[in-house]
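S.K.: What follows is start18.cif, mmCIF, C-alpha atoms.
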```cif
data_target
#
loop_
_atom_site.group_PDB
_atom_site.id
_atom_site.type_symbol
_atom_site.label_atom_id
_atom_site.label_comp_id
_atom_site.auth_asym_id
_atom_site.auth_seq_id
_atom_site.Cartn_x
_atom_site.Cartn_y
_atom_site.Cartn_z
ATOM 1 C CA MET A 1 -17.614 -80.398 13.610
ATOM 2 C CA PRO A 2 -18.060 -83.238 16.089
ATOM 3 C CA SER A 3 -20.600 -83.013 18.856
ATOM 4 C CA VAL A 4 -19.984 -83.855 22.471
ATOM 5 C CA ALA A 5 -22.464 -84.881 25.153
ATOM 6 C CA MET A 6 -21.881 -85.107 28.881
ATOM 7 C CA THR A 7 -23.599 -84.431 32.166
ATOM 8 C CA VAL A 8 -22.496 -81.182 33.799
ATOM 9 C CA ASN A 9 -23.640 -80.385 37.319
ATOM 10 C CA GLY A 10 -26.358 -83.009 36.994
ATOM 11 C CA LYS A 11 -27.748 -81.767 33.676
ATOM 12 C CA ALA A 12 -27.335 -83.423 30.289
ATOM 13 C CA VAL A 13 -25.579 -81.051 27.884
ATOM 14 C CA SER A 14 -24.265 -81.297 24.375
ATOM 15 C CA GLY A 15 -22.729 -79.094 21.760
ATOM 16 C CA GLU A 16 -20.675 -78.948 18.639
ATOM 17 C CA VAL A 17 -16.967 -78.398 19.212
ATOM 18 C CA GLU A 18 -13.778 -78.367 17.245
ATOM 19 C CA THR A 19 -11.751 -81.447 18.121
ATOM 20 C CA ARG A 20 -9.078 -79.215 19.687
ATOM 21 C CA THR A 21 -11.507 -77.440 22.063
ATOM 22 C CA LEU A 22 -10.388 -77.761 25.661
ATOM 23 C CA LEU A 23 -12.908 -78.763 28.298
ATOM 24 C CA VAL A 24 -12.373 -75.463 30.122
ATOM 25 C CA HIS A 25 -13.363 -73.534 26.994
ATOM 26 C CA PHE A 26 -16.399 -75.743 26.370
ATOM 27 C CA LEU A 27 -17.573 -75.099 29.939
ATOM 28 C CA ARG A 28 -16.951 -71.352 29.807
ATOM 29 C CA GLU A 29 -17.875 -70.512 26.226
ATOM 30 C CA ASN A 30 -20.485 -73.076 25.229
ATOM 31 C CA LEU A 31 -22.172 -73.569 28.601
ATOM 32 C CA ARG A 32 -21.439 -70.117 30.113
ATOM 33 C CA LEU A 33 -20.178 -71.708 33.341
ATOM 34 C CA THR A 34 -17.538 -69.092 34.038
ATOM 35 C CA GLY A 35 -16.628 -70.157 37.584
ATOM 36 C CA THR A 36 -13.965 -72.425 36.118
ATOM 37 C CA HIS A 37 -11.094 -70.054 35.375
ATOM 38 C CA VAL A 38 -8.402 -70.040 32.719
ATOM 39 C CA GLY A 39 -5.229 -68.992 34.466
ATOM 40 C CA CYS A 40 -1.980 -70.098 32.919
ATOM 41 C CA ASP A 41 -2.862 -72.236 29.884
ATOM 42 C CA THR A 42 0.034 -74.513 30.895
ATOM 43 C CA SER A 43 -1.572 -76.727 33.577
ATOM 44 C CA GLN A 44 0.452 -75.169 36.380
ATOM 45 C CA CYS A 45 -1.938 -72.885 38.253
ATOM 46 C CA GLY A 46 -4.969 -75.108 38.984
ATOM 47 C CA ALA A 47 -7.565 -72.366 38.454
ATOM 48 C CA CYS A 48 -9.370 -74.653 35.989
ATOM 49 C CA VAL A 49 -9.875 -77.710 38.233
ATOM 50 C CA VAL A 50 -13.207 -79.505 37.809
ATOM 51 C CA HIS A 51 -14.292 -83.037 38.664
ATOM 52 C CA VAL A 52 -14.645 -85.549 35.845
ATOM 53 C CA ASN A 53 -16.287 -88.780 36.928
ATOM 54 C CA GLY A 54 -15.541 -87.827 40.518
ATOM 55 C CA LYS A 55 -11.847 -87.024 40.136
ATOM 56 C CA ALA A 56 -10.141 -83.626 40.120
ATOM 57 C CA VAL A 57 -8.890 -82.757 36.631
ATOM 58 C CA LYS A 58 -7.268 -79.644 35.217
ATOM 59 C CA SER A 59 -9.762 -78.837 32.496
ATOM 60 C CA CYS A 60 -7.147 -76.928 30.490
ATOM 61 C CA THR A 61 -5.387 -80.249 29.829
ATOM 62 C CA MET A 62 -8.428 -82.209 28.689
ATOM 63 C CA LEU A 63 -10.194 -81.955 25.373
ATOM 64 C CA ALA A 64 -13.955 -81.547 25.503
ATOM 65 C CA VAL A 65 -14.351 -84.629 23.299
ATOM 66 C CA GLN A 66 -12.451 -86.657 25.924
ATOM 67 C CA ALA A 67 -15.287 -85.875 28.344
ATOM 68 C CA GLU A 68 -17.858 -87.552 26.073
ATOM 69 C CA GLY A 69 -20.378 -89.317 28.309
ATOM 70 C CA ALA A 70 -18.654 -88.145 31.497
ATOM 71 C CA GLN A 71 -20.100 -86.690 34.681
ATOM 72 C CA VAL A 72 -18.541 -83.243 35.133
ATOM 73 C CA THR A 73 -18.901 -81.087 38.224
ATOM 74 C CA THR A 74 -17.833 -77.454 38.250
ATOM 75 C CA ILE A 75 -17.739 -74.979 41.117
ATOM 76 C CA GLU A 76 -21.289 -73.987 40.154
ATOM 77 C CA GLY A 77 -22.450 -77.530 40.878
ATOM 78 C CA LEU A 78 -21.189 -77.824 44.460
ATOM 79 C CA ALA A 79 -23.832 -75.805 46.298
ATOM 80 C CA LYS A 80 -27.134 -77.629 46.734
ATOM 81 C CA ASP A 81 -30.543 -76.014 47.206
ATOM 82 C CA GLY A 82 -28.950 -72.630 47.872
ATOM 83 C CA LYS A 83 -26.676 -74.007 50.596
ATOM 84 C CA LEU A 84 -22.912 -73.786 50.176
ATOM 85 C CA HIS A 85 -20.907 -76.992 50.082
ATOM 86 C CA PRO A 86 -18.979 -77.439 53.375
ATOM 87 C CA VAL A 87 -15.695 -76.572 51.631
ATOM 88 C CA GLN A 88 -17.183 -73.397 50.159
ATOM 89 C CA ALA A 89 -18.550 -72.444 53.576
ATOM 90 C CA ALA A 90 -15.177 -73.111 55.220
ATOM 91 C CA PHE A 91 -13.363 -70.924 52.684
ATOM 92 C CA LYS A 92 -15.819 -68.135 53.498
ATOM 93 C CA GLU A 93 -15.612 -68.623 57.263
ATOM 94 C CA HIS A 94 -11.811 -68.936 57.426
ATOM 95 C CA HIS A 95 -11.037 -66.225 54.843
ATOM 96 C CA GLY A 96 -9.486 -68.743 52.463
ATOM 97 C CA LEU A 97 -9.622 -66.317 49.572
ATOM 98 C CA GLN A 98 -8.572 -62.828 48.681
ATOM 99 C CA CYS A 99 -9.057 -61.842 45.057
ATOM 100 C CA GLY A 100 -10.969 -65.086 44.427
ATOM 101 C CA PHE A 101 -9.379 -65.996 41.105
ATOM 102 C CA CYS A 102 -7.806 -69.243 42.334
ATOM 103 C CA THR A 103 -10.664 -70.066 44.709
ATOM 104 C CA PRO A 104 -12.813 -72.278 42.419
ATOM 105 C CA GLY A 105 -9.835 -74.478 41.579
ATOM 106 C CA MET A 106 -8.693 -74.566 45.202
ATOM 107 C CA ILE A 107 -12.159 -75.590 46.360
ATOM 108 C CA MET A 108 -12.535 -78.289 43.713
ATOM 109 C CA THR A 109 -9.086 -79.639 44.597
ATOM 110 C CA ALA A 110 -9.970 -79.569 48.309
ATOM 111 C CA VAL A 111 -13.227 -81.481 47.785
ATOM 112 C CA ASP A 112 -11.321 -84.176 45.888
ATOM 113 C CA MET A 113 -8.548 -84.222 48.502
ATOM 114 C CA ILE A 114 -11.006 -84.678 51.365
ATOM 115 C CA ARG A 115 -12.754 -87.483 49.468
ATOM 116 C CA ARG A 116 -9.502 -89.352 48.730
ATOM 117 C CA ILE A 117 -7.517 -88.949 51.943
ATOM 118 C CA PRO A 118 -9.045 -90.264 55.163
ATOM 119 C CA SER A 119 -6.882 -88.261 57.553
ATOM 120 C CA LEU A 120 -5.561 -84.856 56.558
ATOM 121 C CA ASP A 121 -2.935 -82.820 58.350
ATOM 122 C CA GLU A 122 -1.361 -79.488 57.434
ATOM 123 C CA LYS A 123 1.640 -81.075 55.708
ATOM 124 C CA THR A 124 -0.588 -83.295 53.547
ATOM 125 C CA ILE A 125 -2.929 -80.434 52.651
ATOM 126 C CA ARG A 126 0.010 -78.264 51.580
ATOM 127 C CA ALA A 127 1.490 -81.098 49.512
ATOM 128 C CA GLU A 128 -1.874 -81.770 47.829
ATOM 129 C CA LEU A 129 -2.188 -78.072 46.919
ATOM 130 C CA GLU A 130 1.102 -78.090 44.992
ATOM 131 C CA GLY A 131 -0.720 -77.906 41.657
ATOM 132 C CA ASN A 132 -2.761 -74.850 42.694
ATOM 133 C CA LEU A 133 -1.256 -71.385 42.780
ATOM 134 C CA CYS A 134 -2.479 -68.412 44.772
ATOM 135 C CA ARG A 135 -0.693 -65.135 44.312
ATOM 136 C CA CYS A 136 -2.518 -63.259 47.074
ATOM 137 C CA THR A 137 -2.135 -65.337 50.216
ATOM 138 C CA GLY A 138 0.465 -67.307 52.096
ATOM 139 C CA TYR A 139 -1.917 -70.289 51.896
ATOM 140 C CA GLN A 140 -2.378 -70.329 55.690
ATOM 141 C CA ASN A 141 -6.096 -69.496 55.591
ATOM 142 C CA ILE A 142 -6.634 -71.841 52.650
ATOM 143 C CA VAL A 143 -5.062 -74.670 54.651
ATOM 144 C CA LYS A 144 -7.140 -73.751 57.714
ATOM 145 C CA ALA A 145 -10.316 -73.748 55.611
ATOM 146 C CA ILE A 146 -9.581 -77.159 54.102
ATOM 147 C CA ASP A 147 -8.720 -78.603 57.512
ATOM 148 C CA ALA A 148 -11.959 -77.253 59.010
ATOM 149 C CA ALA A 149 -14.051 -78.550 56.100
ATOM 150 C CA ALA A 150 -12.411 -81.983 56.301
ATOM 151 C CA LYS A 151 -13.176 -82.230 60.003
ATOM 152 C CA GLU A 152 -16.773 -81.137 59.456
ATOM 153 C CA MET A 153 -17.337 -83.491 56.540
ATOM 154 C CA LYS A 154 -15.858 -86.438 58.432
ATOM 155 C CA GLY A 155 -17.676 -85.525 61.653
ATOM 156 C CA THR A 156 -14.541 -84.908 63.688
ATOM 157 C CA HIS A 157 -14.992 -81.326 64.822
ATOM 158 C CA ALA A 158 -11.989 -80.241 66.837
#
```
When written as structure tokens, how does the structure in this file appear?
M.R.:
Amino acid sequence: MPSVAMTVNGKAVSGEVETRTLLVHFLRENLRLTGTHVGCDTSQCGACVVHVNGKAVKSCTMLAVQAEGAQVTTIEGLAKDGKLHPVQAAFKEHHGLQCGFCTPGMIMTAVDMIRRIPSLDEKTIRAELEGNLCRCTGYQNIVKAIDAAAKEMKGTHA
């Protein structure tokens, strides 16, 4: 079995994997980082989004061996020193979750979205969330949370 080594949430990790092991399964099963969810197994729901080298990736579409040497950030790696990341805090404050199953993927997508797009509006946020499914909400509070976090992170409180 081949081994794979990467940095996950700032820590060097390695492990033996079958070549067909998906990154999501390596994170959940080998590293016990269960915040990254397996939802649809078809890359449509977005529950498995993590950041690989700073970009949002659906970890159910990437093999663990493809992440060799990469910097991977999961939902567990966003909070620093016991303080929630601004997007996590905004989801809490604006009730951007219900059952919570989609929330890690939504948050990871939102962090990437805010990093990539200088000026977000509701239409853009909704379009960027197309690859993330929530079966509990009408997305309104998710959109409000992302908008609030973007304004806070860019220093443009409204």
S.K.: Would you mind telling me which residue in A:Asn30, A:Thr73, A:Gln140, A:Thr36 lies nearest to A:Val52 when using all atoms listed in the file?
M.R.: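 Going through A:Asn30, A:Thr73, A:Gln140, A:Thr36 one by one, the smallest distance to A:Val52 is for A:Thr73.
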S.K.: By how many Å are atom CA of A:Thr7 and atom CA of A:Thr34 apart?
M.R.: 16.6 Å
S.K.: Is it possible to get the axis-aligned box enclosing stretch 107-112 of chain A (all listed atoms, 6 Å extra per side) as JSON, with centre and edge lengths in Å rounded to one decimal?
M.R.:
```
{"center_x": -11.2, "center_y": -79.9, "center_z": 46.0, "size_x": 16.1, "size_y": 20.6, "size_z": 16.6}
```
S.K.: Name the residues captured by the PyMOL selection byres ((chain A and resi 120-136) around 6) when it is applied to the shown file; answer as a list in words.
M.R.: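 What the PyMOL selection byres ((chain A and resi 120-136) around 6) grabs from the file is Cys45, Gly46, Cys102, Ser119 and Thr137 of chain A.
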S.K.: Can you spell out as a list of chain:residue names the set of residues that the PyMOL selection byres ((chain A and resi 59) around 6) selects in the structure I just provided?
M.R.: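 In the shown coordinates, the PyMOL selection byres ((chain A and resi 59) around 6) covers A:Leu23, A:Val24, A:Cys48, A:Val49, A:Val57, A:Lys58, A:Cys60, A:Thr61, A:Met62.
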S.K.: Go through A:Val111, A:Val17, A:Ser3, A:Gly105 one by one, measure the shortest atom-to-atom distance of each to A:Gln44 using all atoms listed in the file, and give the residue with the smallest value.
M.R.: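 Among the listed residues, A:Gly105 lies closest to A:Gln44.
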S.K.: Written as a ChimeraX atom specification, what is the full residue list that the PyMOL selection byres ((chain A and resi 75) around 9) yields on the file shown?
M.R.: /A:9,33,35-36,49-50,73-74,76-79,104-105,107-108
